[in-house]
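Student: One structure is given below, represented as structure tokens, and several questions about it will come after.
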Amino acid sequence: MPPPPQDDLTARLAAAMQAHQAGRPGEALRGYAGVLADPAAAAWPGRADALHLSGLARAQQGDPAAAVGLLRQALAVQPAFPAAWANLAELLEGLGRAPEAIAAWREAVAHRPGDPAMLRRLGDLLRANGQAAEAVPVYRQVLGKAPADAEAWLNLGLALLASGRAEGAITAMLRARELAPTLAGALAGLGAALAARGNWVAAVPALQGALAERPSDTASGVLLGRALLALGRVPAAIVTLRGMLALRPGLPSAQAVLGRALLRQGRAAAALAGLRPVLSREPAAAEAHMVAGHALRALGRPAEAATRYAEAAALDPALTEARHGAALARLTLGDYAGGWPEFVWRLHDDPAPPLESRLRQPVWSGEADLAGKRILLHAERTLEDSVQFVRYVPMVAALGAEVILRVQPPLHALLAAAPELAGNPAITLLLPGAALPPFDLRCALADLPRAFATTLPTVPARLPYLAPPPVLLARWREVLPPDAAGSRRIGIAWSNSLPESEAGMPPTRMPAAALGRLLDALAVLPVRLHALGPPIGPFGTDAVEAAVLDRFPALLDLRAAAADAANLAAALCCLDLVIAVDGPVLHLAGALGRPVWAMLPAAADWRWLAVRRDSPWYPTARLFRQRRQPDGRDDWAGVVAAVAAALEAL
């Protein structure tokens, strides 16, 4: 008597499976097809298995598309089939159909809850496809089943890092290292998480360890270069980045960070030369475009820089540093209408934005009526911004607003004595450390030009708009009386003492050799020389600079006595001329309406525009610009000679 139909189908399926397991997928596929073609298979409980196995055989024969179709048929017959969902997910993943694969893995997990292997595959696929935040709870489920799974801790850390949760990532990476000290990738992940938190000191040894484990890990190598650069270890950063480029010539990220390092050394031409071939091969490298913009701006080519910044921002809209750079380039060109709106991106580019920028009150940008409103006007990072833009404060008060003004502590005593501020009942200057009173609107001082739609012809340039306290001025007139022989009293500021200026540009500091040449030139003239410094410390005189100063005992050092803005302002008002590099001394002299000569790099800060010898912001200023040398370095000798010649002509 023949076996019942379903028993026969089961036997035939078993025979096909034996062929499949023996490595004969073609024979197995014919057996599966025969089983499925039998009319009795329509209602047979093993139909889903036969379709599933047929799909696997098709995949082994190199036909994944047909395999996907067969697996979907199997799942239509039996939806609660986790193995089939998992195999379908793997096939879809291999075909590059990530969204469908993710959906299939979710089904597999739903039908086999808590399966660590399936959960891990789902988390990995989510993370690989930009859905790191969704991967985090998946990895946590894995760890709920296997809390000592070091790889799961590592994957959780990577997902947290990719979703912007660096603190949690650090904790997860440390746990992974604790469970498996030699786990591949854990040191690299830890270093990346520490770098994301800005903990560069701790990131460096972690990334160095990652490179020791895997010297070809260029991602860790480039990040190590960034960390070293952030710590000011520029030569070490350059060595590291050149090593990465030796492994992968033309790697855009390595070349971009190397360009940053070269800019820190004042080698803009070398930075641009290295970036050009990279951009020819990799035109979508956003950071490389941006750093090329920095280099072009440093070379005094702001129009070309603006084009590079625009390309970088178009490629990566999240690259706020490029938007900031574009603003600086446009402002340098005098395109204030195009520059002010983009200048707000400086806050996104600031590693330590002011507390006021995170307040909830609305930002005033010029549109809202201020009559009867209380507005907070606040400083940001640099004294230069505060000195330059505090001129707008009475203009805001004139719109009917009650103004609350908060500035950096070194400026407080000076601004408290400014007639246009202290004598205006609508303006309240907060004491350093004082709590903020209630207010309706807020605006950074540096955003006031945008609020007033300032253009070159409308720059408010009535001078002076600052004045020292009368008691200090009287005291300094005794210290710096006019010379009976008629010698000019000249103050010199050769350093701004700031660590780094905007958008990757190096700080302004006259080299010791150039300072020596300037003092040599001035020493033969009928002048009295005085050393000036910004109203912040320390002044940072190095051994070479100190040796230069020792050659000029007649130079009266006022830097310590005039170490706050009020005393510095009083001293400036007692001098006949101030000669300064770009920095707080230069801005303060300009705001006081004092004669001031600016010794500027070839690519000066945006405030000084391009080419001009005068300043719409400070009409009493005369600008001496350096010429760019063929190697991209500044020409301090040339600007010193020009200043000396101008003094002789007085």
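Lettering and numbering for the structure tokens are positional, with chains as A, B, ... in the shown order, residues counted from 1 in each chain, and ligands counted from 1 in the shown order.
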Got a sec to tell me which of region 521-588 of chain A DSSP assigns to helix (DSSP H, G or I), as a PyMOL selection string?
Tutor: chain A and resi 521-523+543-550+565-572+584-588
Student: Create the file for the chosen residues now, containing C-alpha atoms and written as a JSON list (two decimals), in the first residue's frame.
Tutor:
```json
[["chain", "number", "residue", "atom", "x", "y", "z"],
["A", 521, "ALA", "CA", 64.99, 101.78, 13.45],
["A", 522, "LEU", "CA", 63.15, 103.73, 16.15],
["A", 523, "ALA", "CA", 66.15, 104.09, 18.46],
["A", 543, "ALA", "CA", 63.99, 84.01, 25.94],
["A", 544, "VAL", "CA", 64.80, 85.23, 22.42],
["A", 545, "GLU", "CA", 62.38, 88.15, 22.72],
["A", 546, "ALA", "CA", 63.75, 89.00, 26.18],
["A", 547, "ALA", "CA", 67.27, 89.13, 24.74],
["A", 548, "VAL", "CA", 66.09, 91.60, 22.11],
["A", 549, "LEU", "CA", 64.44, 93.81, 24.73],
["A", 550, "ASP", "CA", 67.57, 93.79, 26.85],
["A", 565, "ALA", "CA", 41.78, 98.13, 29.97],
["A", 566, "ALA", "CA", 41.14, 101.28, 32.01],
["A", 567, "ASN", "CA", 44.82, 101.85, 32.80],
["A", 568, "LEU", "CA", 45.82, 100.87, 29.28],
["A", 569, "ALA", "CA", 43.35, 103.38, 27.84],
["A", 570, "ALA", "CA", 44.71, 106.12, 30.08],
["A", 571, "ALA", "CA", 48.27, 105.29, 29.01],
["A", 572, "LEU", "CA", 47.29, 105.32, 25.33],
["A", 584, "PRO", "CA", 43.16, 94.57, 21.73],
["A", 585, "VAL", "CA", 45.72, 97.41, 21.93],
["A", 586, "LEU", "CA", 45.10, 98.35, 18.31],
["A", 587, "HIS", "CA", 41.32, 98.31, 18.72],
["A", 588, "LEU", "CA", 41.42, 100.22, 21.97]]
```
Student: Determine, counting only C-alpha atoms, which protein, DNA and RNA residues have an atom within 9 Å of an atom of region 33-46 of chain A; residues of the same chain fewer than 4 positions away are not included. Present the result as a list in words.
Tutor: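 Once the nearby chain positions are removed, what remains is Pro5, Gln6, Leu9, Thr10, Arg12, Leu13, Ala28, Leu29, Ala50, Leu51 and Ser54 of chain A.
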Student: Wanna dump the region 285-398 of chain A-region 275-278 of chain A contacts at 9 Å for me, each residue with its shortest atom pair and the distance in Å to one decimal, counting only C-alpha atoms, ordered by chain and number, as CSV?
Tutor:
```
residue,atom,partner,partner_atom,distance
A:Ala285,CA,A:Val278,CA,8.4
A:Ala288,CA,A:Leu275,CA,6.5
A:His289,CA,A:Leu275,CA,8.0
A:Val291,CA,A:Leu275,CA,8.2
A:Ala292,CA,A:Leu275,CA,6.5
```
Student: Record the distance separating CA of Ala74 (chain A) and CA of Asn87 (chain A), expressed in Å with one decimal.
Tutor: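 Result for CA of Ala74 (chain A) versus CA of Asn87 (chain A): 11.4 Å, one decimal.
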Student: Would you compute the distance between CA of Leu183 (chain A) and CA of Gly96 (chain A)? Give it in Å to one decimal.
Tutor: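 Taking CA of Leu183 (chain A) as the start and CA of Gly96 (chain A) as the end point, the length is 28.7 Å.
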Student: Taking the DSSP secondary structure from the backbone, can you list the residues of region 503-627 of chain A that are strand (DSSP E or B), as an mmCIF file with C-alpha atoms, in the first residue's frame?
Tutor:
```
data_model
loop_
_atom_site.group_PDB
_atom_site.id
_atom_site.type_symbol
_atom_site.label_atom_id
_atom_site.label_comp_id
_atom_site.auth_asym_id
_atom_site.auth_seq_id
_atom_site.Cartn_x
_atom_site.Cartn_y
_atom_site.Cartn_z
ATOM 1 C CA ARG A 509 52.915 87.984 17.042
ATOM 2 C CA VAL A 527 61.264 109.310 20.186
ATOM 3 C CA ARG A 528 60.553 107.776 23.600
ATOM 4 C CA LEU A 529 59.527 104.138 23.342
ATOM 5 C CA HIS A 530 57.023 102.308 25.540
ATOM 6 C CA ALA A 531 56.095 98.626 25.520
ATOM 7 C CA LEU A 556 59.826 101.740 29.165
ATOM 8 C CA ASP A 557 57.785 98.569 29.765
ATOM 9 C CA LEU A 577 51.428 107.493 18.513
ATOM 10 C CA VAL A 578 50.669 103.812 18.982
ATOM 11 C CA ILE A 579 52.199 101.151 16.717
ATOM 12 C CA ALA A 580 50.565 97.768 17.162
ATOM 13 C CA VAL A 581 49.922 94.375 15.627
ATOM 14 C CA VAL A 596 47.518 104.360 15.685
ATOM 15 C CA TRP A 597 49.533 102.530 13.062
ATOM 16 C CA ALA A 598 48.594 98.925 12.445
ATOM 17 C CA MET A 599 51.208 96.401 11.362
ATOM 18 C CA LEU A 600 49.063 93.813 9.616
ATOM 19 C CA ALA A 621 44.250 104.322 12.074
ATOM 20 C CA ARG A 622 46.847 103.950 9.332
ATOM 21 C CA LEU A 623 47.344 100.438 8.023
ATOM 22 C CA PHE A 624 50.730 99.004 7.054
ATOM 23 C CA ARG A 625 50.267 95.681 5.282
#
```
Student: Identify, on the basis of only C-alpha atoms, every residue whose closest approach to Leu154 (chain A) does not exceed 10 Å; exclude the query and any residue fewer than 6 positions from it along the same chain; express the result as a PyMOL selection string.
Tutor: chain A and resi 139+160+169-177+183-187+189-190
Student: Sort by chain and increasing residue number a table of all residues of region 380-480 of chain A within 12 Å of region 330-334 of chain A, each with its closest pair of atoms and their distance in Å to one decimal, counting only C-alpha atoms, and write it as JSON lines.
Tutor:
```
{"residue": "A:Pro449", "atom": "CA", "partner": "A:Leu331", "partner_atom": "CA", "distance": 11.5}
{"residue": "A:Arg450", "atom": "CA", "partner": "A:Leu331", "partner_atom": "CA", "distance": 11.5}
{"residue": "A:Thr454", "atom": "CA", "partner": "A:Gly334", "partner_atom": "CA", "distance": 10.8}
{"residue": "A:Thr455", "atom": "CA", "partner": "A:Gly334", "partner_atom": "CA", "distance": 8.0}
{"residue": "A:Leu456", "atom": "CA", "partner": "A:Gly334", "partner_atom": "CA", "distance": 6.8}
{"residue": "A:Pro457", "atom": "CA", "partner": "A:Gly334", "partner_atom": "CA", "distance": 10.4}
{"residue": "A:Val459", "atom": "CA", "partner": "A:Gly334", "partner_atom": "CA", "distance": 11.5}
```
Student: Could you write out that same residue set with N, CA and C atoms as a PDB file, in the first residue's frame?
Tutor:
```
ATOM      1  N   PRO A 449      26.117  94.822  14.130  1.00  0.00           N
ATOM      2  CA  PRO A 449      26.203  95.341  12.756  1.00  0.00           C
ATOM      3  C   PRO A 449      25.155  94.725  11.830  1.00  0.00           C
ATOM      4  N   ARG A 450      24.871  93.435  12.007  1.00  0.00           N
ATOM      5  CA  ARG A 450      23.826  92.808  11.187  1.00  0.00           C
ATOM      6  C   ARG A 450      22.462  93.388  11.542  1.00  0.00           C
ATOM      7  N   THR A 454      24.518  97.213   8.724  1.00  0.00           N
ATOM      8  CA  THR A 454      25.680  98.071   8.480  1.00  0.00           C
ATOM      9  C   THR A 454      26.332  97.746   7.140  1.00  0.00           C
ATOM     10  N   THR A 455      26.606  98.790   6.364  1.00  0.00           N
ATOM     11  CA  THR A 455      27.404  98.671   5.148  1.00  0.00           C
ATOM     12  C   THR A 455      28.641  99.550   5.316  1.00  0.00           C
ATOM     13  N   LEU A 456      29.576  99.471   4.373  1.00  0.00           N
ATOM     14  CA  LEU A 456      30.786 100.281   4.502  1.00  0.00           C
ATOM     15  C   LEU A 456      30.478 101.773   4.668  1.00  0.00           C
ATOM     16  N   PRO A 457      29.543 102.333   3.877  1.00  0.00           N
ATOM     17  CA  PRO A 457      29.281 103.775   4.056  1.00  0.00           C
ATOM     18  C   PRO A 457      28.564 104.120   5.359  1.00  0.00           C
ATOM     19  N   VAL A 459      29.077 102.585   8.469  1.00  0.00           N
ATOM     20  CA  VAL A 459      29.769 102.204   9.706  1.00  0.00           C
ATOM     21  C   VAL A 459      29.745 103.389  10.671  1.00  0.00           C
TER      22      VAL A 459
END
```
Student: Which of these residues is nearest to Leu525 (chain A), using only C-alpha atoms: A:Leu448, A:Ala219, A:Ile490, A:Ala512?
Tutor: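 Looking only at the distances to Leu525 (chain A), the closest residue turns out to be A:Ile490.
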Student: Could you name the residues that touch region 303-311 of chain A at 6 Å or less, counting only C-alpha atoms, but leaving out those on the same chain fewer than 4 positions away, as a list of chain:residue names?
Tutor: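 What passes the distance filter is A:His289, A:Met290, A:Gly293, A:Leu296, A:Arg297, A:Ala322, A:Ala326, A:Ala329.
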Student: Between A:Asn424, A:Asp115, A:Leu429, A:Ala451, which one has atoms that come closest to Asp369 (chain A), using only C-alpha atoms?
Tutor: A:Ala451
Student: Using only C-alpha atoms, pick whichever of A:Arg281, A:Asp564, A:Gly259, A:Ala16 has the shortest atom-to-atom distance to Gln408 (chain A).
Tutor: A:Asp564
Student: Between CA of Ala227 (chain A) and CA of Asp124 (chain A), what distance in Å does the model show, to one decimal?
Tutor: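 Going from CA of Ala227 (chain A) over to CA of Asp124 (chain A) covers 27.6 Å.
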Student: Near Gln208 (chain A), counting only C-alpha atoms, which residues have an atom at most 9 Å away, once you skip same-chain residues fewer than 2 positions from it, shown as a list in words?
Tutor: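 After dropping sequence-adjacent residues, the list is Leu187, Ala188, Gly191, Ala203, Val204, Pro205, Ala206, Ala210, Leu211, Ala212, Glu213, Ser220, Gly221 and Leu224 of chain A.
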Student: Using only C-alpha atoms, which protein or nucleic acid residues come within 12 Å of Gly400 (chain A)? Drop anything in the same chain fewer than 4 positions from it, and give the result as a list in words.
Tutor: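 The contact residues come out as Ala368, Asp369, Leu370, Ala371, Gly372, Lys373, Arg374, Ile375, Val393, Pro394, Met395, Val396, Pro425, Ala426 and Ile427 of chain A.
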Student: Applying 8 Å and only C-alpha atoms, which residues near Leu258 (chain A) remain after dropping the ones on its own chain fewer than 5 positions away? List them as a PyMOL selection string.
Tutor: chain A and resi 225+237-238+241-242+271
Student: Under the rule that only C-alpha atoms are counted, which of A:Leu592, A:Ala270, A:Ala19, A:Ala65 is the nearest residue to Glu93 (chain A)?
Tutor: A:Ala65
